[in-house]
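Participant: To start, I am sharing the structure in question, which I have written as structure tokens.
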Amino acid sequence: MCSIVRNTDVEQRSSQAVVVAVSSQAVFDSEMEQDPGLPDLLKKGPAFSFIEAVQQVNKKLMDKNPAETLLFDVILLSNYSKDINSKIIASVKHYGLAIGRFCFCNKDDNVESLQSSDAKLFLSTDRNDVFQASQQGVPSALLFHQQASGQQASGQQASGQQASGQQAWGQQASGQQAWGQQASGQQAWGQQASGKQASGQQASGQQASGQQAWKELKVVFSGDALGFSQDDLSSLRGQGFTEPQLQSLKAAKDSVKEFAVQMGEMRSRFGLVGSPLRAGLVTVWGSRDVCARALLTLRGWGLLVDEAFCLAGAPLSPILRLLQPHVLCVDGLLLA
């Protein structure tokens with residue numbers, strides 16, 4: 001059984017809002033530790049930067065149009081006891097997080113709660129929770145644990161310059177050609193990327209100490225899920241992937257569509273430069289053709305992609321450290 005509590009400190013969104021449910025384990029410290037200086041409050045968790053970025057997107061949308069209804073509506077899903085739940089509410093209000101509702105329920109009732117809340121996306125740092133929700137038809141994605149902006153500016157310099165490993169990737173024909181196809185359709189971004197990159201990834205790596213980049217909401221989509229074909233599935237079978245994994249791959253494309261369409265509509269409110277929303281695409285297993293089809297799929301849904309990477313089996317972690325996304329819409333191959 002689930003209990004819904006509205007946050008009276010936050011204006012409730014309209015029915016047109018994009019409902020995103022976030023696990024309380026991601027919003028606050030995974031061990032639910034209290035802040036030593038504030039015993040009634042819980043420590044911040046990895047989802048804080050995501051919620052702050054969402055608040056920034058909503059603010060910019062409202063600045064453009066005070067009557068805007070296409071906004072993010074963040075709800076928090078908790079499976080903890082009443083004592084912890086009361087501290088969750090107090091902590092959310094203390095930190096000023098724009099979380100409109102709290103859903104308190106048993107873990108077995110998570111999916112029912114998400115469906116009744118009309119959640120367009122469920123976010124967690126727990127791969128098992130994401131996988132199980134996805135298997136039951138709830139669009140789900142992983143929250144990526146971002147580094148602090150200072151660490152990103154310094155520690156990401158090697159990644160930003162795509163030092164040895166990334167440089168090798170950047171010269172891969174598959175990656176470069178897929179990006180070239182994107183650039184032809186996204187010429188404005190291509191010019192922006194090449195211009196800013198030419199000024200050195202300095203602009204993107206430093207970006208005034210990372211301030212602007214830190215406030216952008218960054219979502220990375222799986223090119224393997226969005227660009228696969230029956231031939232690709234046959235090839236993956238030959239590589240030893242199981243039927244449940246392949247079925248998860250198929251389901252991932254359908255489940256993320258509505259969220260991608262809504263994100264594209266939000267992004268269309270802004271120009272190509274200065275948008276608080278950024279979309280990335282990473283193809284881990286697929287070829288350049290898979291990556292190109294994924295780009296066309298997202299474009300057909302109305303979502304422009306800022307950065308695309310075709311890894312062709314190379315490790316994913318270096319790219320994620322470079323991109324520092326908030327949300328990683330992975331596929332069944334990575335979750336299963």
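Ordering of the structure tokens sets the chain letters (A, B, ...), residue numbers begin anew at 1 in every chain, and ligands are numbered from 1 in the order given.
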Could you pull the residues within 12 Å of Gln25 in chain A, counting only C-alpha atoms, minus those fewer than 4 positions along the same chain, as a list in words?

Facilitator: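 Final neighbour list, sorted by chain and number: Ala21, Asp29, Ser30, Glu31, Met32, Glu33, Leu42, Lys43, Lys44, Gly45, Pro46, Ala47, Phe48, Leu76, Leu77, Ser78, Asn79, Tyr80, Ile84, Asn85, Ile88, Leu123, Ser124, Thr125, Asp126, Asp129 and Leu143 of chain A.
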
Participant: Go ahead and save the residues from that selection, with C-alpha atoms, as a PDB file, in the first residue's frame.

Facilitator:
```pdb
ATOM      1  CA  ALA A  21      10.218   9.743  -9.994  1.00  0.00           C
ATOM      2  CA  ASP A  29      22.992   9.260   1.470  1.00  0.00           C
ATOM      3  CA  SER A  30      22.632   5.567   0.669  1.00  0.00           C
ATOM      4  CA  GLU A  31      23.086   4.671   4.331  1.00  0.00           C
ATOM      5  CA  MET A  32      20.586   7.359   5.313  1.00  0.00           C
ATOM      6  CA  GLU A  33      23.181   8.947   7.568  1.00  0.00           C
ATOM      7  CA  LEU A  42      19.904  13.509   6.077  1.00  0.00           C
ATOM      8  CA  LYS A  43      23.092  13.942   4.059  1.00  0.00           C
ATOM      9  CA  LYS A  44      22.902  14.883   0.401  1.00  0.00           C
ATOM     10  CA  GLY A  45      23.025  12.044  -2.133  1.00  0.00           C
ATOM     11  CA  PRO A  46      24.089  11.809  -5.796  1.00  0.00           C
ATOM     12  CA  ALA A  47      20.690  12.942  -7.135  1.00  0.00           C
ATOM     13  CA  PHE A  48      21.130  16.464  -5.776  1.00  0.00           C
ATOM     14  CA  LEU A  76      10.311  11.048  -4.538  1.00  0.00           C
ATOM     15  CA  LEU A  77       9.807   7.318  -4.039  1.00  0.00           C
ATOM     16  CA  SER A  78      10.734   5.891  -0.632  1.00  0.00           C
ATOM     17  CA  ASN A  79      10.594   2.391   0.842  1.00  0.00           C
ATOM     18  CA  TYR A  80      11.768   3.380   4.313  1.00  0.00           C
ATOM     19  CA  ILE A  84      13.054   7.927   8.123  1.00  0.00           C
ATOM     20  CA  ASN A  85      10.277   9.223   5.872  1.00  0.00           C
ATOM     21  CA  ILE A  88      13.175  12.775   4.258  1.00  0.00           C
ATOM     22  CA  LEU A 123      15.543   7.223 -11.746  1.00  0.00           C
ATOM     23  CA  SER A 124      17.762   5.317  -9.343  1.00  0.00           C
ATOM     24  CA  THR A 125      21.428   4.625  -8.724  1.00  0.00           C
ATOM     25  CA  ASP A 126      20.548   0.952  -8.182  1.00  0.00           C
ATOM     26  CA  ASP A 129      15.769  -1.341  -9.284  1.00  0.00           C
ATOM     27  CA  LEU A 143      21.405   8.359 -12.214  1.00  0.00           C
TER      28      LEU A 143
END
```

Participant: Please build the interface table for range 46-157 of chain A against range 245-252 of chain A with a cut-off of 10 Å, listing for each qualifying residue the nearest atom pair and the distance in Å to one decimal; count only C-alpha atoms, order rows by chain and increasing number, and write it as a tab-separated table.

Facilitator:
```
residue	atom	partner	partner_atom	distance
A:Phe131	CA	A:Ser248	CA	8.9
A:Ser134	CA	A:Ala252	CA	7.6
A:Gln135	CA	A:Ser248	CA	7.3
A:Gly137	CA	A:Ala251	CA	8.2
A:Val138	CA	A:Ala252	CA	9.9
A:Pro139	CA	A:Ala252	CA	7.8
A:Ser140	CA	A:Ala252	CA	8.8
A:Ala141	CA	A:Ala252	CA	9.8
```

Participant: Could you write those residues out with C-alpha atoms, as a CSV table (one decimal), in the first residue's frame?

Facilitator:
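This is the output file out-v3.csv:
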```
chain,number,residue,atom,x,y,z
A,131,PHE,CA,16.1,-3.2,-14.4
A,134,SER,CA,12.0,-1.6,-16.8
A,135,GLN,CA,11.0,-5.2,-17.1
A,137,GLY,CA,7.0,-1.6,-18.4
A,138,VAL,CA,8.1,1.5,-16.4
A,139,PRO,CA,10.5,3.7,-18.3
A,140,SER,CA,13.6,3.8,-16.1
A,141,ALA,CA,17.2,5.1,-16.2
```

Participant: Any idea what's packed within 8 Å of range 60-71 of chain A, counting only C-alpha atoms, ignoring anything in its chain fewer than 3 positions away? Could you give it as an MDAnalysis selection string?

Facilitator: chainID A and resid 13:14 16:18 56:57 266 269 276

Participant: Take CA of Phe259 in chain A and CA of Val327 in chain A and report the distance between them in Å, one decimal.

Facilitator: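 Between CA of Phe259 in chain A and CA of Val327 in chain A the gap works out to 12.0 Å.
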
Participant: From the options A:Ala119, A:Ala26, A:Ile99, A:Leu316, which residue's atoms come nearest to Arg6 in chain A, counting only C-alpha atoms?

Facilitator: A:Ile99

Participant: Which one of A:Val284, A:Gln146, A:Ala308, A:Val74 sits closest to Val54 in chain A if you count only C-alpha atoms?

Facilitator: A:Val74

Participant: What separation in Å, quoted to one decimal, exists between CA of Ala312 in chain A and CA of Thr297 in chain A?

Facilitator: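 CA of Ala312 in chain A sits 19.2 Å away from CA of Thr297 in chain A.
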
Participant: One number please: CA of Asp9 in chain A to CA of Lys93 in chain A, in Å, one decimal.

Facilitator: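 Distance reported for this atom pair: 7.2 Å.
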
Participant: Extract, using only C-alpha atoms, all DNA, RNA and protein residues at most 10 Å from Ser49 in chain A, discarding same-chain residues fewer than 2 positions from it, and format them as a PyMOL selection string.

Facilitator: chain A and resi 27+44-47+51-55+144-148+214-217+326

Participant: Rank A:Ser222, A:Leu304, A:Val92, A:Phe241 by their smallest atom-to-atom distance to Phe270 in chain A, using only C-alpha atoms, and report the top residue only.

Facilitator: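 Among the listed residues, the smallest separation from Phe270 in chain A belongs to A:Leu304.
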
Participant: For Asp109 in chain A, which residue among A:Ser235, A:Phe122, A:Ser3, A:Pro244 is the nearest when counting only C-alpha atoms?

Facilitator: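 Answer, going by the shortest atom-to-atom distance: A:Ser3.
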
Participant: Could you tell me which of A:Leu114, A:Ala90, A:Phe104, A:Lys120 comes closest to Phe72 in chain A if we count only C-alpha atoms?

Facilitator: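 Selected residue with least distance to Phe72 in chain A: A:Lys120.
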